[in-house]
Amino acid sequence: MKKIFQPGRKNIYLDYAATTPVDPAVVKVMRPYFDKAFGNPSSLYKQGTRARAAIEASRKTIAGIIGARPSEIVFTAGGTESCNLGIFGAAKNYPPTKKFRPHIITSAIEHHAVLKPIEALKGEGYQVTILDVDSAGQINARDLKKVIRPETILISLMYANNEIGTIEPVAEVGKLLTRINTDRLRNGLTRIVFHTDACQAAGSLDLDVHRLNVDLMSINGSKVYGPKQTGFLFIRTGINLKPLVYGGGQEYDLRSGTENVPGIVGLAKALELVRKSKVLEDKRIAKLQSYFLERLMKIEGVRLNGPANGHNRLANNINIMIDGVEGEALIMYLDAKGIAVSTGSACATGLADPSHVLMSIGLSAKQAKNSIRMTLGKSTTKDELDYVLEVLKPLIAQLRMVKNFL
Ligand SMILES: *Cc1c(COP(=O)(O)O)cnc(C)c1O
C-alpha cells in the first residue's frame with residue numbers, strides 16, 4: 001500500500017491497534033454509494049435496489065470469510081455497538097427476577113465496550129463474575145468451567161487483547177461450552193450464549209465461527225483498514241437477541257435505521273483484502289516484531305508486558321514498561337519526532353487512569369503508567385523501526401535524567 005502520510009517529514013504511525021488508515025482500494029469501492037447508488041436500500045426503484053444488492057453482496061462476502069450464513073450477519077456502527085448488541089441483546093431475554101438472577105461471565109482484560117455494558121447489567125440485578133488472567137493476560141478454561149452456575153446465561157471472552165496482544169483460548173472455551181450446553185438443555189437449564197469480541201483478531205486469526213464454536217462475534221472496520229463506525233455482529237441461527245435500536249426494522253429487525261451503504265461495502269472489501277494478504281503480511285509483521293523487540297530489550301530498564309512474542313501474542317503488538325519514564329510524557333516527545341505510539345487504550349482520552357489490563361497482569365499503577373504500546377501495520381518498515389530505536393534510546397536516557405533532577 002502507498003504511504004498515506006505526507007512525505008518530507010517523518011511520519012511514523014505505530015498505533016494500528018487504535019485504528020488503521022482506510023485502504024485506497026476500499027475508498028474506491030465505497031465511492032459510488034455516496035452519490036450514484038445513493039438510494040435508500042428499502043426503496044423499490046433502481047437506486048434503491050442497487051444499494052440493497054450491494055449490502056447483500058457485502059453480507060455474503062463477510063459470511064463466506066467467517067464460515068457463516070448471510071442471514072447470521074447484522075451490520076452495526078462499529079465494534080462497540082456490536083459488543084453492546086450482543087451482550088444486552090442476549091441478557092435482555094432474561095430480566096432479573098426475585099427467583100432468577102441471571103449470571104454473566106467475562107474476563108478482567110476485556111475492552112470497555114464489553115466491560116461497561118456488563119457493569120450496567122450488574123446495576124440492573126444481573127450477577128457478574130470477572131475472571132482473573134495470568135501474567136500473560138490469558139484466562140484458564142478450567143477456571144471458567146468452575147465459575148459456571150445454573151443461572152449462567154452469557155459468557156463474553158475477547159479473542160485478542162487490544163493492549164498487550166494476548167490471544168485468548170476462544171476455540172477451547174467454545175468446545176467446552178458446546179458440551180456443557182448439551183447437558184444443560186437436557187437438564188432444563190438455560191443455554192449459555194458465547195460472545196467473542198474479535199475486533200483485534202479480524203486481521204490475522206482464524207475467524208471460522210464453527211471451528212471457534214462461538215454464538216456471537218463482534219468485528220469492526222476501523223481495525224482492518226476499513227471505515228470507522230462500521231462493523232457487524234455474527235449471530236448464530238437459533239440465538240435470539242433483543243434489539244438496542246427500534247424503528248423501521250432493518251437488519252432483521254435487530255438494528256433499525258437506514259443502512260450505511262458505503263460503510264458496509266467498505267467493511268466487506270476491507271475484510272476481504274486483509275484476509276487475502278494475511279499469510280504473507282503476518283510473516284512480515286512477525287519478523288519485524290522480533291527484530292524490534294530484540295533491540296528494545298537491550299535498552300536498560302525496558303521490559304515486555306504480556307506474553308512473550310510467538311506465544312499467543314498478536315504479531316503486531318509490542319507493549320513495554322520503561323523504568324523511570326512516564327508513558328504519556330514519552331508519547332509527547334515521540335510525537336514531536338514524528339512518531340505516533342500510545343499508552344494502550346485509545347478510548348479513554350483525557351484523564352488517564354492506569355490501564356486495567358496492565359494492572360490485571362500484575363503491574364503496579366506506576367508500572368502501568370510507565371508503559372507504552374507500539375502496534376505495527378501494513379506501512380511499517382524496518383527503516384521506520386530503526387529510526388524509532390534511534391530516537392527512543394537517547395530520549396529515555398534524557399527523561400530519566402530530567403526526573404532525577406526534579
Ligand atoms: C477497537 C475495539 C473495540 C471498539 O470498536 P469501535 O469500532 O471503536 O467501536 C472493541 N473491542 C476491541 C478489542 C477493540 O480493539
# chains A, B, ... in the order shown; residues from 1 in each chain; ligands from 1
call {"tool": "residues_near_ligand", "arguments": {"ligand": "ligand 1", "cutoff": "7 Å", "atoms": "only C-alpha atoms and all ligand atoms", "output": "number ranges by chain"}}
result
A: 17-18, 78-81, 111, 113, 158, 160-162, 197-200, 220-223, 228-231
call {"tool": "select_by_dssp", "arguments": {"residues": "region 40-241 of chain A", "states": "helix (DSSP H, G or I)", "output": "number ranges by chain"}}
result
A: 46-66, 70-72, 79-91, 112-123, 141-147, 170-186, 209-212
call {"tool": "atom_distance", "arguments": {"atom1": "CA of Ser290 (chain A)", "atom2": "CA of Pro21 (chain A)"}}
result
23.8 Å
call {"tool": "closest_residue", "arguments": {"among": "A:Gly165, A:Gly257, A:Ile104, A:Lys28", "to": "Leu144 (chain A)", "atoms": "only C-alpha atoms"}}
result
A:Ile104
call {"tool": "residues_around", "arguments": {"residues": "Leu288 (chain A)", "least_positions_apart": "4", "cutoff": "8 Å", "atoms": "only C-alpha atoms", "output": "list in words"}}
result
Arg284, Phe292, Thr381 and Lys382 of chain A
call {"tool": "write_last_selection", "arguments": {"atoms": "N, CA, C and O atoms", "output": "PDB file, in the first residue's frame"}}
result
ATOM      1  N   ARG A 284       5.625 -11.201   7.622  1.00  0.00           N
ATOM      2  CA  ARG A 284       6.439  -9.991   7.553  1.00  0.00           C
ATOM      3  C   ARG A 284       6.379  -9.219   8.868  1.00  0.00           C
ATOM      4  O   ARG A 284       7.396  -8.813   9.415  1.00  0.00           O
ATOM      5  N   PHE A 292      12.404  -5.738  16.226  1.00  0.00           N
ATOM      6  CA  PHE A 292      12.207  -4.534  17.043  1.00  0.00           C
ATOM      7  C   PHE A 292      12.339  -4.875  18.529  1.00  0.00           C
ATOM      8  O   PHE A 292      13.044  -4.205  19.287  1.00  0.00           O
ATOM      9  N   THR A 381       7.887  -0.390   8.192  1.00  0.00           N
ATOM     10  CA  THR A 381       9.099  -0.947   7.582  1.00  0.00           C
ATOM     11  C   THR A 381      10.203  -1.053   8.638  1.00  0.00           C
ATOM     12  O   THR A 381      10.123  -0.434   9.701  1.00  0.00           O
ATOM     13  N   LYS A 382      11.231  -1.816   8.294  1.00  0.00           N
ATOM     14  CA  LYS A 382      12.382  -1.968   9.181  1.00  0.00           C
ATOM     15  C   LYS A 382      13.062  -0.608   9.378  1.00  0.00           C
ATOM     16  O   LYS A 382      13.498  -0.287  10.487  1.00  0.00           O
TER      17      LYS A 382
END
call {"tool": "decode", "arguments": {"residues": "region 316-352 of chain A", "atoms": "N, CA and C atoms", "output": "short mmCIF file (atom, residue, chain, number, x, y, z; two decimals), in the first residue's frame"}}
result
data_model
loop_
_atom_site.label_atom_id
_atom_site.label_comp_id
_atom_site.auth_asym_id
_atom_site.auth_seq_id
_atom_site.Cartn_x
_atom_site.Cartn_y
_atom_site.Cartn_z
N ASN A 316 1.54 -8.16 15.74
CA ASN A 316 1.79 -6.72 15.51
C ASN A 316 1.90 -5.92 16.80
N ASN A 317 1.80 -6.60 17.95
CA ASN A 317 1.71 -5.87 19.21
C ASN A 317 3.00 -5.90 20.04
N ILE A 318 3.43 -4.72 20.45
CA ILE A 318 4.52 -4.60 21.42
C ILE A 318 4.07 -3.64 22.51
N ASN A 319 4.15 -4.10 23.75
CA ASN A 319 3.80 -3.23 24.88
C ASN A 319 4.94 -3.33 25.88
N ILE A 320 5.58 -2.21 26.16
CA ILE A 320 6.75 -2.26 27.04
C ILE A 320 6.62 -1.33 28.24
N MET A 321 7.25 -1.77 29.32
CA MET A 321 7.36 -0.96 30.52
C MET A 321 8.77 -0.39 30.51
N ILE A 322 8.88 0.91 30.77
CA ILE A 322 10.20 1.55 30.77
C ILE A 322 10.43 2.17 32.14
N ASP A 323 11.35 1.60 32.87
CA ASP A 323 11.65 2.09 34.23
C ASP A 323 11.92 3.58 34.26
N GLY A 324 11.25 4.28 35.16
CA GLY A 324 11.55 5.69 35.38
C GLY A 324 11.11 6.63 34.29
N VAL A 325 10.29 6.17 33.36
CA VAL A 325 9.82 7.04 32.27
C VAL A 325 8.30 6.94 32.15
N GLU A 326 7.64 8.10 32.26
CA GLU A 326 6.19 8.09 32.15
C GLU A 326 5.76 7.95 30.70
N GLY A 327 4.88 7.01 30.46
CA GLY A 327 4.41 6.74 29.10
C GLY A 327 3.87 7.98 28.41
N GLU A 328 3.05 8.75 29.12
CA GLU A 328 2.41 9.90 28.48
C GLU A 328 3.41 10.97 28.07
N ALA A 329 4.44 11.18 28.90
CA ALA A 329 5.48 12.15 28.54
C ALA A 329 6.23 11.66 27.31
N LEU A 330 6.57 10.40 27.32
CA LEU A 330 7.31 9.81 26.21
C LEU A 330 6.54 9.95 24.89
N ILE A 331 5.23 9.75 24.97
CA ILE A 331 4.39 9.85 23.77
C ILE A 331 4.47 11.24 23.14
N MET A 332 4.46 12.27 24.01
CA MET A 332 4.55 13.65 23.52
C MET A 332 5.88 13.91 22.82
N TYR A 333 6.96 13.46 23.44
CA TYR A 333 8.29 13.67 22.84
C TYR A 333 8.43 12.89 21.54
N LEU A 334 7.88 11.68 21.52
CA LEU A 334 7.95 10.89 20.28
C LEU A 334 7.13 11.55 19.18
N ASP A 335 5.99 12.11 19.56
CA ASP A 335 5.13 12.80 18.60
C ASP A 335 5.90 13.96 17.95
N ALA A 336 6.67 14.68 18.79
CA ALA A 336 7.47 15.79 18.27
C ALA A 336 8.51 15.31 17.26
N LYS A 337 8.88 14.06 17.37
CA LYS A 337 9.85 13.47 16.42
C LYS A 337 9.12 12.75 15.27
N GLY A 338 7.81 12.93 15.18
CA GLY A 338 7.06 12.33 14.08
C GLY A 338 6.71 10.87 14.27
N ILE A 339 6.68 10.42 15.54
CA ILE A 339 6.38 9.00 15.80
C ILE A 339 5.11 8.92 16.65
N ALA A 340 4.12 8.18 16.16
CA ALA A 340 2.85 8.04 16.88
C ALA A 340 2.77 6.68 17.57
N VAL A 341 2.78 6.71 18.92
CA VAL A 341 2.56 5.49 19.70
C VAL A 341 1.50 5.81 20.75
N SER A 342 1.10 4.83 21.56
CA SER A 342 0.05 5.13 22.55
C SER A 342 0.34 4.47 23.89
N THR A 343 -0.50 4.79 24.85
CA THR A 343 -0.36 4.14 26.15
C THR A 343 -1.16 2.84 26.19
N GLY A 344 -1.88 2.54 25.14
CA GLY A 344 -2.59 1.27 25.12
C GLY A 344 -4.04 1.43 24.82
N SER A 345 -4.72 2.20 25.62
CA SER A 345 -6.13 2.35 25.39
C SER A 345 -6.40 3.72 24.79
N ALA A 346 -6.88 3.73 23.55
CA ALA A 346 -7.13 4.99 22.87
C ALA A 346 -8.50 5.53 23.25
N CYS A 347 -9.26 4.74 23.98
CA CYS A 347 -10.67 5.07 24.17
C CYS A 347 -10.88 6.11 25.25
N ALA A 348 -10.18 5.95 26.37
CA ALA A 348 -10.38 6.87 27.48
C ALA A 348 -9.39 8.02 27.37
N THR A 349 -9.70 8.97 26.50
CA THR A 349 -8.82 10.13 26.36
C THR A 349 -9.07 11.07 27.54
N GLY A 350 -8.17 12.00 27.72
CA GLY A 350 -8.33 12.92 28.85
C GLY A 350 -7.69 12.34 30.08
N LEU A 351 -8.42 12.32 31.16
CA LEU A 351 -7.89 11.79 32.42
C LEU A 351 -7.54 10.32 32.26
N ALA A 352 -6.26 10.01 32.33
CA ALA A 352 -5.85 8.63 32.08
C ALA A 352 -5.65 7.87 33.38
#
